[in-house]
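**Student:** My file is start-v5.cif. It has mmCIF, C-alpha atoms:
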data_entry
#
loop_
_atom_site.label_atom_id
_atom_site.label_comp_id
_atom_site.auth_asym_id
_atom_site.auth_seq_id
_atom_site.Cartn_x
_atom_site.Cartn_y
_atom_site.Cartn_z
CA MET A 1 -18.47 -26.81 -22.52
CA GLY A 2 -18.70 -25.66 -26.17
CA PRO A 3 -17.11 -22.39 -27.40
CA GLU A 4 -20.38 -20.45 -27.28
CA GLN A 5 -21.23 -21.71 -23.83
CA ARG A 6 -17.75 -20.82 -22.66
CA GLN A 7 -18.12 -17.29 -24.02
CA GLU A 8 -21.45 -16.97 -22.27
CA ALA A 9 -20.02 -18.35 -19.03
CA LEU A 10 -17.10 -15.92 -19.35
CA GLY A 11 -19.43 -12.95 -19.78
CA ALA A 12 -21.52 -14.05 -16.80
CA ALA A 13 -18.43 -14.61 -14.65
CA ILE A 14 -17.10 -11.11 -15.38
CA HIS A 15 -20.48 -9.48 -14.97
CA GLN A 16 -21.11 -11.18 -11.62
CA HIS A 17 -17.64 -10.66 -10.17
CA PRO A 18 -17.79 -8.18 -7.26
CA LEU A 19 -14.99 -6.04 -8.68
CA LEU A 20 -15.03 -6.66 -12.44
CA GLY A 21 -18.82 -6.39 -12.59
CA GLY A 22 -18.51 -2.74 -11.56
CA LEU A 23 -16.43 -1.85 -14.64
CA PRO A 24 -18.08 0.14 -17.43
CA ASN A 25 -19.67 -2.05 -20.13
CA ASP A 26 -17.10 -1.31 -22.84
CA LEU A 27 -14.30 -2.47 -20.51
CA GLN A 28 -16.22 -5.63 -19.61
CA VAL A 29 -16.67 -6.38 -23.34
CA ARG A 30 -12.92 -5.90 -23.91
CA LEU A 31 -12.18 -8.23 -21.00
CA ILE A 32 -14.46 -10.89 -22.45
CA GLU A 33 -12.53 -10.63 -25.73
CA ARG A 34 -9.16 -11.05 -24.05
CA ALA A 35 -9.84 -13.35 -21.08
CA ARG A 36 -10.33 -17.06 -21.06
CA LEU A 37 -11.76 -19.54 -18.59
CA ARG A 38 -9.52 -22.20 -17.10
CA GLU A 39 -10.96 -25.23 -15.36
CA LEU A 40 -8.72 -26.85 -12.79
CA ALA A 41 -8.87 -30.32 -11.30
CA PRO A 42 -7.96 -30.76 -7.62
CA GLY A 43 -4.17 -30.80 -7.30
CA GLU A 44 -3.60 -29.09 -10.64
CA ALA A 45 -1.08 -26.24 -10.44
CA ILE A 46 -1.77 -22.99 -12.24
CA THR A 47 1.41 -21.11 -11.32
CA ARG A 48 4.77 -22.58 -10.39
CA GLU A 49 7.28 -20.98 -8.06
CA GLY A 50 10.35 -19.79 -9.95
CA SER A 51 8.73 -19.68 -13.38
CA ALA A 52 8.28 -16.50 -15.40
CA GLY A 53 4.82 -14.98 -15.28
CA THR A 54 3.00 -13.88 -18.41
CA ARG A 55 -0.59 -14.11 -17.19
CA PHE A 56 -2.59 -13.38 -14.08
CA TYR A 57 -5.74 -14.92 -12.74
CA ILE A 58 -8.93 -14.41 -10.81
CA LEU A 59 -10.35 -17.37 -8.93
CA LEU A 60 -14.07 -17.59 -9.74
CA GLU A 61 -15.05 -20.88 -8.13
CA GLY A 62 -13.35 -23.45 -5.96
CA SER A 63 -10.26 -22.98 -3.81
CA ALA A 64 -6.51 -23.07 -4.16
CA ARG A 65 -3.49 -23.39 -1.94
CA VAL A 66 -0.42 -21.19 -2.08
CA SER A 67 2.84 -22.94 -1.27
CA ARG A 68 6.55 -22.34 -1.41
CA ALA A 69 9.49 -24.71 -1.53
CA ARG A 70 11.19 -25.35 1.80
CA PRO A 71 14.97 -25.60 1.94
CA ASP A 72 14.61 -29.35 2.67
CA GLY A 73 12.80 -29.84 -0.63
CA GLY A 74 9.28 -30.07 0.79
CA GLN A 75 6.47 -27.61 0.20
CA GLU A 76 5.26 -25.20 2.85
CA ARG A 77 1.68 -24.02 2.62
CA ILE A 78 1.62 -20.27 3.10
CA GLY A 79 -1.93 -19.42 2.23
CA ARG A 80 -5.16 -20.25 0.54
CA LEU A 81 -7.27 -18.49 -2.04
CA ARG A 82 -11.00 -18.17 -2.10
CA PRO A 83 -13.27 -17.11 -4.97
CA GLY A 84 -12.67 -13.49 -5.90
CA ALA A 85 -8.90 -13.64 -5.23
CA ILE A 86 -6.59 -12.11 -7.82
CA PHE A 87 -3.28 -13.95 -8.12
CA GLY A 88 -0.25 -14.46 -10.31
CA ALA A 89 0.26 -10.74 -10.90
CA MET A 90 3.26 -10.01 -8.68
CA SER A 91 5.79 -11.32 -11.19
CA LEU A 92 4.13 -9.26 -13.93
CA CYS A 93 4.54 -6.14 -11.81
CA ASP A 94 8.10 -6.54 -10.55
CA GLY A 95 9.58 -8.73 -13.29
CA SER A 96 10.75 -11.40 -10.82
CA PRO A 97 9.94 -15.11 -11.10
CA ARG A 98 6.73 -16.38 -9.52
CA ALA A 99 6.96 -16.29 -5.71
CA ALA A 100 4.80 -19.33 -5.04
CA THR A 101 3.10 -22.36 -6.53
CA ILE A 102 -0.67 -22.14 -6.62
CA ALA A 103 -2.69 -25.31 -7.07
CA ALA A 104 -6.40 -26.06 -6.90
CA THR A 105 -7.63 -27.92 -3.82
CA ALA A 106 -11.10 -28.52 -5.28
CA PRO A 107 -12.59 -28.43 -8.79
CA SER A 108 -12.01 -24.76 -9.63
CA LEU A 109 -12.67 -22.19 -12.29
CA CYS A 110 -10.32 -19.28 -13.03
CA LEU A 111 -10.33 -16.28 -15.27
CA GLU A 112 -7.00 -16.13 -17.10
CA LEU A 113 -5.86 -12.69 -18.21
CA PRO A 114 -2.84 -11.90 -20.40
CA GLY A 115 -0.22 -9.62 -18.84
CA GLU A 116 -0.43 -7.23 -21.83
CA LEU A 117 -3.75 -6.02 -20.43
CA LEU A 118 -1.74 -4.08 -17.83
CA HIS A 119 0.07 -2.07 -20.50
CA GLY A 120 -2.56 -0.35 -22.62
CA ALA A 121 -1.71 3.07 -24.04
CA PRO A 122 -3.16 5.90 -21.93
CA ARG A 123 -6.39 7.52 -23.11
CA THR A 124 -7.42 4.48 -25.21
CA LEU A 125 -9.88 1.73 -24.38
CA ASP A 126 -6.95 -0.55 -23.48
CA GLY A 127 -5.43 2.23 -21.38
CA ARG A 128 -8.65 2.61 -19.39
CA LEU A 129 -8.76 -1.15 -18.91
CA ALA A 130 -5.11 -1.18 -17.79
CA LEU A 131 -5.86 1.56 -15.27
CA ALA A 132 -8.86 -0.33 -13.90
CA LEU A 133 -6.99 -3.64 -13.68
CA ARG A 134 -3.93 -2.04 -12.09
CA GLU A 135 -6.14 -0.46 -9.48
CA LEU A 136 -7.65 -3.87 -8.72
CA LEU A 137 -4.15 -5.30 -8.41
CA ALA A 138 -3.00 -2.48 -6.15
CA THR A 139 -6.02 -3.03 -3.91
CA SER A 140 -5.35 -6.76 -3.81
CA PHE A 141 -1.64 -6.18 -3.08
CA SER A 142 -2.48 -3.71 -0.32
CA GLU A 143 -4.71 -6.34 1.32
CA GLN A 144 -1.89 -8.87 1.12
CA LEU A 145 0.60 -6.41 2.53
CA ARG A 146 -1.67 -5.34 5.36
CA ALA A 147 -2.32 -9.03 6.17
CA ALA A 148 1.41 -9.80 6.16
CA ASN A 149 2.14 -6.73 8.31
CA ARG A 150 -0.57 -7.75 10.76
CA ARG A 151 0.80 -11.27 10.90
CA LEU A 152 4.29 -10.03 11.72
CA TYR A 153 2.92 -7.56 14.26
CA PHE A 154 0.98 -10.26 16.11
CA LEU A 155 3.90 -12.66 15.97
CA SER A 156 5.98 -9.94 17.58
CA ARG A 157 3.34 -9.30 20.22
CA GLN A 158 3.17 -12.97 21.04
CA LEU A 159 6.92 -13.00 21.48
CA GLU A 160 6.58 -10.01 23.76
CA GLY A 161 4.16 -12.08 25.82
CA ALA A 162 1.24 -9.68 25.33
CA GLU A 163 -1.73 -11.31 27.06
CA ASP A 164 -4.29 -10.62 24.38
CA ALA A 165 -1.96 -11.51 21.49
CA ALA A 166 -2.41 -15.24 22.07
CA ASN A 167 -6.13 -14.82 21.46
CA GLU A 168 -5.79 -12.85 18.23
CA THR A 169 -8.04 -14.15 15.51
CA VAL A 170 -5.80 -13.21 12.60
CA ASP A 171 -5.74 -16.06 10.11
CA PRO A 172 -2.07 -16.91 9.67
CA GLU A 173 -2.72 -18.39 6.27
CA ALA A 174 -4.92 -15.71 4.82
CA VAL A 175 -3.05 -14.41 1.83
CA TRP A 176 -5.88 -12.46 0.36
CA LEU A 177 -9.54 -12.57 1.11
CA PRO A 178 -11.91 -10.72 -1.18
CA PRO A 179 -14.25 -8.13 0.34
CA GLU A 180 -17.40 -9.61 1.86
CA MET B 181 5.48 27.25 -26.61
CA SER B 182 6.53 24.15 -28.51
CA ASP B 183 5.59 20.70 -27.30
CA LYS B 184 9.26 19.89 -27.69
CA ALA B 185 10.34 22.42 -25.07
CA PRO B 186 12.05 20.81 -22.07
CA ALA B 187 9.52 20.09 -19.37
CA HIS B 188 11.18 22.22 -16.73
CA THR B 189 10.93 25.30 -18.94
CA LEU B 190 7.21 24.60 -19.24
CA PHE B 191 6.70 24.26 -15.54
CA GLY B 192 9.64 26.03 -13.97
CA GLU B 193 10.65 23.23 -11.56
CA PRO B 194 13.97 21.95 -12.91
CA GLU B 195 15.08 20.68 -9.50
CA LEU B 196 11.91 18.64 -9.03
CA PHE B 197 12.09 17.20 -12.54
CA ALA B 198 15.67 16.13 -12.00
CA ALA B 199 14.86 14.66 -8.59
CA ILE B 200 11.79 12.67 -9.65
CA THR B 201 13.45 11.23 -12.74
CA ARG B 202 16.48 10.26 -10.63
CA ALA B 203 14.46 8.58 -7.85
CA PHE B 204 11.78 7.18 -10.18
CA PRO B 205 13.58 6.52 -13.49
CA GLU B 206 10.42 5.19 -15.14
CA SER B 207 8.84 8.63 -14.80
CA ALA B 208 11.13 9.76 -17.61
CA ARG B 209 9.00 7.67 -19.94
CA LEU B 210 6.05 9.96 -19.31
CA ASP B 211 5.55 12.79 -21.72
CA PRO B 212 7.19 15.81 -20.01
CA ARG B 213 3.93 17.70 -20.22
CA ASP B 214 2.10 14.87 -18.41
CA LEU B 215 4.84 14.65 -15.79
CA GLY B 216 4.61 18.41 -15.34
CA GLU B 217 0.86 18.19 -14.81
CA LEU B 218 1.43 15.53 -12.16
CA LEU B 219 4.09 17.61 -10.40
CA ALA B 220 1.79 20.62 -10.45
CA LEU B 221 -0.68 18.63 -8.32
CA MET B 222 1.93 17.38 -5.88
CA GLY B 223 3.36 18.99 -2.80
CA SER B 224 7.05 18.83 -1.93
CA VAL B 225 8.14 18.39 1.70
CA ARG B 226 11.52 18.42 3.36
CA LEU B 227 11.55 16.88 6.83
CA ALA B 228 14.25 16.58 9.47
CA ALA B 229 15.33 13.14 10.68
CA GLY B 230 12.91 11.86 13.31
CA THR B 231 9.86 13.74 12.00
CA PRO B 232 6.73 11.57 11.96
CA LEU B 233 4.86 11.33 8.64
CA PHE B 234 1.82 9.67 10.20
CA GLY B 235 0.89 7.36 13.06
CA ALA B 236 -0.96 4.03 13.19
CA GLY B 237 -4.68 4.72 13.43
CA ASP B 238 -4.44 8.22 11.92
CA PRO B 239 -7.11 9.15 9.38
CA PRO B 240 -6.11 8.64 5.73
CA GLY B 241 -3.73 11.23 4.28
CA PRO B 242 -1.46 11.79 1.32
CA ALA B 243 0.93 9.29 -0.26
CA TYR B 244 4.63 10.17 -0.16
CA LEU B 245 7.06 9.55 -3.03
CA ILE B 246 10.56 9.53 -1.57
CA LEU B 247 13.00 11.62 -3.61
CA SER B 248 15.83 11.25 -1.10
CA GLY B 249 16.19 9.97 2.42
CA GLN B 250 14.96 7.02 4.44
CA VAL B 251 11.66 6.27 6.20
CA ARG B 252 10.88 3.70 8.88
CA VAL B 253 7.46 2.05 8.88
CA GLU B 254 6.71 0.49 12.25
CA ARG B 255 4.12 -0.43 14.84
CA ALA B 256 4.47 0.01 18.56
CA LEU B 257 4.53 -2.96 20.90
CA GLU B 258 4.27 -2.91 24.67
CA HIS B 259 7.10 -1.54 26.80
CA GLY B 260 8.12 1.08 24.24
CA ARG B 261 9.44 -1.49 21.80
CA VAL B 262 8.48 -1.44 18.15
CA VAL B 263 8.33 -3.90 15.30
CA LEU B 264 9.89 -2.55 12.16
CA LEU B 265 7.65 -3.43 9.23
CA GLY B 266 9.81 -1.89 6.56
CA ARG B 267 12.44 0.63 5.71
CA LEU B 268 11.90 2.64 2.55
CA GLY B 269 14.24 4.84 0.56
CA ASP B 270 14.72 6.79 -2.66
CA GLY B 271 12.17 5.81 -5.29
CA ASP B 272 9.79 4.18 -2.79
CA PHE B 273 6.23 5.09 -1.86
CA VAL B 274 5.07 5.56 1.72
CA GLY B 275 1.41 5.59 2.64
CA ASP B 276 0.42 4.61 -0.90
CA LEU B 277 -2.31 2.39 0.52
CA GLY B 278 -4.05 5.67 1.30
CA LEU B 279 -4.57 6.33 -2.43
CA LEU B 280 -6.50 3.11 -2.77
CA ASP B 281 -8.89 3.21 0.13
CA ARG B 282 -10.03 5.59 2.80
CA ARG B 283 -8.95 3.40 5.67
CA ARG B 284 -6.96 4.66 8.63
CA ARG B 285 -3.19 4.30 8.56
CA SER B 286 -2.26 0.75 9.48
CA ALA B 287 1.24 1.63 10.71
CA SER B 288 3.40 4.58 11.68
CA ALA B 289 6.04 6.14 9.47
CA ARG B 290 8.77 8.59 10.34
CA ALA B 291 11.77 10.05 8.61
CA GLU B 292 14.88 8.18 9.69
CA THR B 293 17.21 10.57 7.90
CA GLU B 294 16.62 13.98 6.39
CA LEU B 295 13.80 13.43 3.92
CA TRP B 296 12.72 15.03 0.68
CA ALA B 297 9.44 13.70 -0.67
CA LEU B 298 6.59 14.55 -2.98
CA THR B 299 3.04 14.22 -1.66
CA LEU B 300 -0.16 13.40 -3.49
CA THR B 301 -3.62 13.49 -1.96
CA LEU B 302 -6.34 10.96 -2.64
CA GLU B 303 -8.50 13.72 -4.17
CA ASP B 304 -5.80 14.75 -6.65
CA TYR B 305 -5.06 11.15 -7.53
CA GLN B 306 -8.74 10.60 -8.18
CA LYS B 307 -8.83 13.61 -10.52
CA LEU B 308 -6.02 12.09 -12.59
CA ARG B 309 -7.69 8.70 -12.44
CA ALA B 310 -11.06 10.04 -13.59
CA GLU B 311 -9.60 11.61 -16.72
CA GLY B 312 -7.46 8.54 -17.53
CA HIS B 313 -4.36 10.73 -17.24
CA PRO B 314 -1.12 8.95 -18.26
CA ALA B 315 0.37 9.92 -14.90
CA ALA B 316 -2.35 7.90 -13.12
CA LEU B 317 -1.32 4.80 -15.07
CA TRP B 318 2.34 5.49 -14.33
CA LEU B 319 1.62 5.97 -10.61
CA LEU B 320 -0.32 2.70 -10.45
CA SER B 321 2.44 0.83 -12.31
CA GLU B 322 4.95 2.13 -9.79
CA ILE B 323 2.71 1.34 -6.82
CA ASP B 324 2.04 -2.19 -8.14
CA HIS B 325 5.76 -2.72 -8.70
CA HIS B 326 6.74 -1.51 -5.24
CA MET B 327 3.96 -3.38 -3.46
CA ALA B 328 4.87 -6.63 -5.22
CA ARG B 329 8.46 -6.21 -4.01
CA ARG B 330 7.35 -5.37 -0.47
CA ILE B 331 5.05 -8.42 -0.34
CA ARG B 332 7.88 -10.66 -1.53
CA ALA B 333 10.20 -9.21 1.12
CA MET B 334 7.55 -9.69 3.79
CA TYR B 335 6.93 -13.33 2.73
CA GLU B 336 10.66 -13.99 2.96
CA ARG B 337 10.71 -12.46 6.41
CA LEU B 338 7.65 -14.38 7.60
CA ALA B 339 9.23 -17.60 6.30
CA ARG B 340 12.36 -16.87 8.36
CA VAL B 341 10.21 -16.06 11.39
CA ARG B 342 8.29 -19.33 11.03
CA ALA B 343 11.59 -21.19 10.97
CA GLU B 344 12.92 -19.21 13.93
CA PRO B 345 10.28 -17.20 15.81
CA GLY B 346 12.91 -15.18 17.68
CA LEU B 347 13.53 -13.29 14.44
CA ALA B 348 10.12 -11.61 14.50
CA LEU B 349 11.57 -8.54 16.11
CA GLU B 350 14.49 -8.36 13.76
CA PRO B 351 14.14 -5.81 11.00
CA PRO B 352 14.97 -6.76 7.44
CA ALA B 353 18.49 -5.92 6.32
CA PRO B 354 18.43 -2.67 4.38
CA PRO B 355 19.37 -3.16 0.74
CA HIS B 356 22.35 -0.88 0.64
CA GLN B 357 23.98 -1.50 4.02
CA PRO B 358 25.84 -4.53 5.29
CA ARG B 359 23.59 -6.62 7.48
CA ARG B 360 25.97 -6.57 10.42
CA SER B 361 26.10 -2.80 10.70
CA TRP B 362 22.31 -2.64 10.85
CA LEU B 363 22.12 -5.33 13.46
CA ALA B 364 24.75 -3.59 15.53
CA ARG B 365 22.74 -0.39 15.30
CA PHE B 366 19.54 -2.21 16.11
CA LEU B 367 21.02 -3.80 19.21
CA ARG B 368 22.54 -0.55 20.35
CA LEU B 369 19.20 1.25 20.01
CA GLY B 370 17.46 -1.55 21.86
CA VAL B 371 14.60 -1.28 19.38
#
Translate this file's structure into structure tokens.

**Tutor:**
Amino acid sequence: MGPEQRQEALGAAIHQHPLLGGLPNDLQVRLIERARLRELAPGEAITREGSAGTRFYILLEGSARVSRARPDGGQERIGRLRPGAIFGAMSLCDGSPRAATIAATAPSLCLELPGELLHGAPRTLDGRLALALRELLATSFSEQLRAANRRLYFLSRQLEGAEDAANETVDPEAVWLPPE
Amino acid sequence: MSDKAPAHTLFGEPELFAAITRAFPESARLDPRDLGELLALMGSVRLAAGTPLFGAGDPPGPAYLILSGQVRVERALEHGRVVLLGRLGDGDFVGDLGLLDRRRRSASARAETELWALTLTLEDYQKLRAEGHPAALWLLSEIDHHMARRIRAMYERLARVRAEPGLALEPPAPPHQPRRSWLARFLRLGV
């Protein structure tokens, strides 16, 4: 893909994204200036557990697995990401190292966004963009937290022997699923 | 009145200013006038230990910013038992998911000790948000920060539960108390 095609693809990706596409035009233009597209081959990692985070990502196409190191040195899969998922932002928000390794499981395309976009000065274009992006992150985090809470709740119910708990359809690996 | 005047003389709430900057140190980075405008929109509540803030399934309501005290977030199981989803204290948000969507409360929260908190409604948050108010950006930064930490804590807990399912009913150790004293309390309460 040449530079012009990439820029065009970037604009289309932002415009068509269910959440970013709803942003006012001037914010979308600013995003196009600051974002870049990352293509990932199957198996290629985009974030590594324990490393410092300086960027965050939105999965546009493909799929990725979320895994964490087990004490025995292996990797435990804790979730999967589908197109639309925002990831890699937790370490930008709490200053801790990355919580998980995220690697593509199919040829994938990501939007890569620099962490500075979350720190624009209020009442400027960058401040409005920061506000919009932080709201997207908060929504994504709240989905993750609700999913984790639900998972723990159903695990507890299963332990309690609740009859319907065994039939719960909660996806134990769903880290974050974008709105339908 | 000069812009340089201390914020509490502008807004007459010295106790609130001191409390919010103590519990939420990053709020001190806001211009005092902006912080004052935020406080003017917020309510302040003092609740006795045991008072419910909201129940699972309740319609959406305000977010709480804890100035002092401790809150339990839990969901009921059968036979009167509960699963503790989190314990929140000074400088934490409770019910902040309610500022982001209009969904019903996903869990119950109640004051575990005497509680002093600020409240902010979705409507007032949206006013700040619509005008790009610096306090809206500060609130979102705080909410993002706290949620990221809560998700990490929950992942750690789920990982422990996967390794040993019997731990699902065990609450996380509170940050400022020795683990054993909590467990002892937990067992005594038969939670």

**Student:** Output as CSV one row per residue of chain A within 8 Å of chain B: the closest atom pair and its distance in Å to one decimal place, counting only C-alpha atoms, sorted by chain and residue number ascending.

**Tutor:**
residue,atom,partner,partner_atom,distance
A:Met90,CA,B:Ala328,CA,5.1
A:Ser91,CA,B:Ala328,CA,7.6
A:Cys93,CA,B:His325,CA,4.8
A:Asp94,CA,B:His325,CA,4.8
A:Ala99,CA,B:Arg332,CA,7.1
A:Pro122,CA,B:Pro314,CA,5.2
A:Arg123,CA,B:Gly312,CA,5.8
A:Gly127,CA,B:Gly312,CA,7.7
A:Arg128,CA,B:Gly312,CA,6.3
A:Ala130,CA,B:Leu317,CA,7.6
A:Leu131,CA,B:Leu317,CA,5.6
A:Arg134,CA,B:Leu320,CA,6.2
A:Glu135,CA,B:Leu320,CA,6.7
A:Leu137,CA,B:Asp324,CA,6.9
A:Ala138,CA,B:Asp324,CA,5.4
A:Thr139,CA,B:Leu280,CA,6.3
A:Phe141,CA,B:Met327,CA,6.3
A:Ser142,CA,B:Leu277,CA,6.2
A:Gln144,CA,B:Ile331,CA,7.1
A:Leu145,CA,B:Ile331,CA,5.7
A:Arg146,CA,B:Ser286,CA,7.4
A:Ala148,CA,B:Met334,CA,6.6
A:Asn149,CA,B:Leu265,CA,6.5
A:Leu152,CA,B:Ala348,CA,6.6
A:Tyr153,CA,B:Val263,CA,6.6
A:Leu155,CA,B:Ala348,CA,6.5
A:Ser156,CA,B:Ala348,CA,5.4
A:Arg157,CA,B:Leu257,CA,6.5
A:Leu159,CA,B:Gly346,CA,7.4
A:Glu160,CA,B:Glu258,CA,7.5
A:Ala162,CA,B:Glu258,CA,7.4

**Student:** Might you pull out every residue within 10 Å of Arg285 of chain B, with only C-alpha atoms counted and same-chain residues fewer than 6 positions away left off, and present them as a VMD selection string?

**Tutor:** chain B and resid 234 to 241 275 277 to 278

**Student:** Counting all atoms listed in the file, what is within 8 Å of Ala89 of chain A, bar same-chain residues fewer than 2 positions away, as a PyMOL selection string?

**Tutor:** chain A and resi 53+55-57+86-87+91-93+137

**Student:** Mind telling me what the PyMOL selection byres ((chain A and resi 60) around 6) catches here, as JSON, numbers by chain?

**Tutor:** {"A": [59, 61, 83, 84, 109, 110]}

**Student:** Pull C-alpha atoms from the residues just selected and write them as a PDB file, in the coordinates of the input.

**Tutor:**
ATOM      1  CA  LEU A  59     -10.350 -17.370  -8.930  1.00  0.00           C
ATOM      2  CA  GLU A  61     -15.050 -20.880  -8.130  1.00  0.00           C
ATOM      3  CA  PRO A  83     -13.270 -17.110  -4.970  1.00  0.00           C
ATOM      4  CA  GLY A  84     -12.670 -13.490  -5.900  1.00  0.00           C
ATOM      5  CA  LEU A 109     -12.670 -22.190 -12.290  1.00  0.00           C
ATOM      6  CA  CYS A 110     -10.320 -19.280 -13.030  1.00  0.00           C
TER       7      CYS A 110
END

**Student:** Grab the atom CA of His119 of chain A to atom CA of Pro3 of chain A distance for me, in Å with one decimal place.

**Tutor:**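 So the two atoms, atom CA of His119 of chain A and atom CA of Pro3 of chain A, lie 27.5 Å apart.
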
**Student:** Within 12 Å of (3.3, -20.1, -8.3), in the coordinates the file gives, what residues turn up when you count all atoms listed in the file, written out as an MDAnalysis selection string?

**Tutor:** chainID A and resid 44:57 64:69 75 77:79 87:91 96:104

**Student:** To test your reading of the syntax: which residues would the PyMOL selection byres ((chain B and resi 249) around 9) return for the file shown? Reply as a CSV table (one decimal) with C-alpha atoms, keeping the file's coordinate frame.

**Tutor:**
chain,number,residue,atom,x,y,z
B,229,ALA,CA,15.3,13.1,10.7
B,246,ILE,CA,10.6,9.5,-1.6
B,247,LEU,CA,13.0,11.6,-3.6
B,248,SER,CA,15.8,11.2,-1.1
B,250,GLN,CA,15.0,7.0,4.4
B,251,VAL,CA,11.7,6.3,6.2
B,268,LEU,CA,11.9,2.6,2.6
B,269,GLY,CA,14.2,4.8,0.6
B,270,ASP,CA,14.7,6.8,-2.7
B,291,ALA,CA,11.8,10.0,8.6
B,292,GLU,CA,14.9,8.2,9.7
B,293,THR,CA,17.2,10.6,7.9
B,294,GLU,CA,16.6,14.0,6.4
B,295,LEU,CA,13.8,13.4,3.9
B,296,TRP,CA,12.7,15.0,0.7
B,297,ALA,CA,9.4,13.7,-0.7

**Student:** Taking the file as I've supplied it (selection: the PyMOL selection byres ((chain B and resi 300) around 9)), which residues are included? Please answer as a ChimeraX atom specification.

**Tutor:** /B:221-223,241-245,279,298-299,301-305

**Student:** Could you dump the residues just selected with C-alpha atoms as an mmCIF file, in the coordinates of the input?

**Tutor:**
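Now in out27.cif:
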data_model
loop_
_atom_site.group_PDB
_atom_site.id
_atom_site.type_symbol
_atom_site.label_atom_id
_atom_site.label_comp_id
_atom_site.auth_asym_id
_atom_site.auth_seq_id
_atom_site.Cartn_x
_atom_site.Cartn_y
_atom_site.Cartn_z
ATOM 1 C CA LEU B 221 -0.680 18.630 -8.320
ATOM 2 C CA MET B 222 1.930 17.380 -5.880
ATOM 3 C CA GLY B 223 3.360 18.990 -2.800
ATOM 4 C CA GLY B 241 -3.730 11.230 4.280
ATOM 5 C CA PRO B 242 -1.460 11.790 1.320
ATOM 6 C CA ALA B 243 0.930 9.290 -0.260
ATOM 7 C CA TYR B 244 4.630 10.170 -0.160
ATOM 8 C CA LEU B 245 7.060 9.550 -3.030
ATOM 9 C CA LEU B 279 -4.570 6.330 -2.430
ATOM 10 C CA LEU B 298 6.590 14.550 -2.980
ATOM 11 C CA THR B 299 3.040 14.220 -1.660
ATOM 12 C CA THR B 301 -3.620 13.490 -1.960
ATOM 13 C CA LEU B 302 -6.340 10.960 -2.640
ATOM 14 C CA GLU B 303 -8.500 13.720 -4.170
ATOM 15 C CA ASP B 304 -5.800 14.750 -6.650
ATOM 16 C CA TYR B 305 -5.060 11.150 -7.530
#
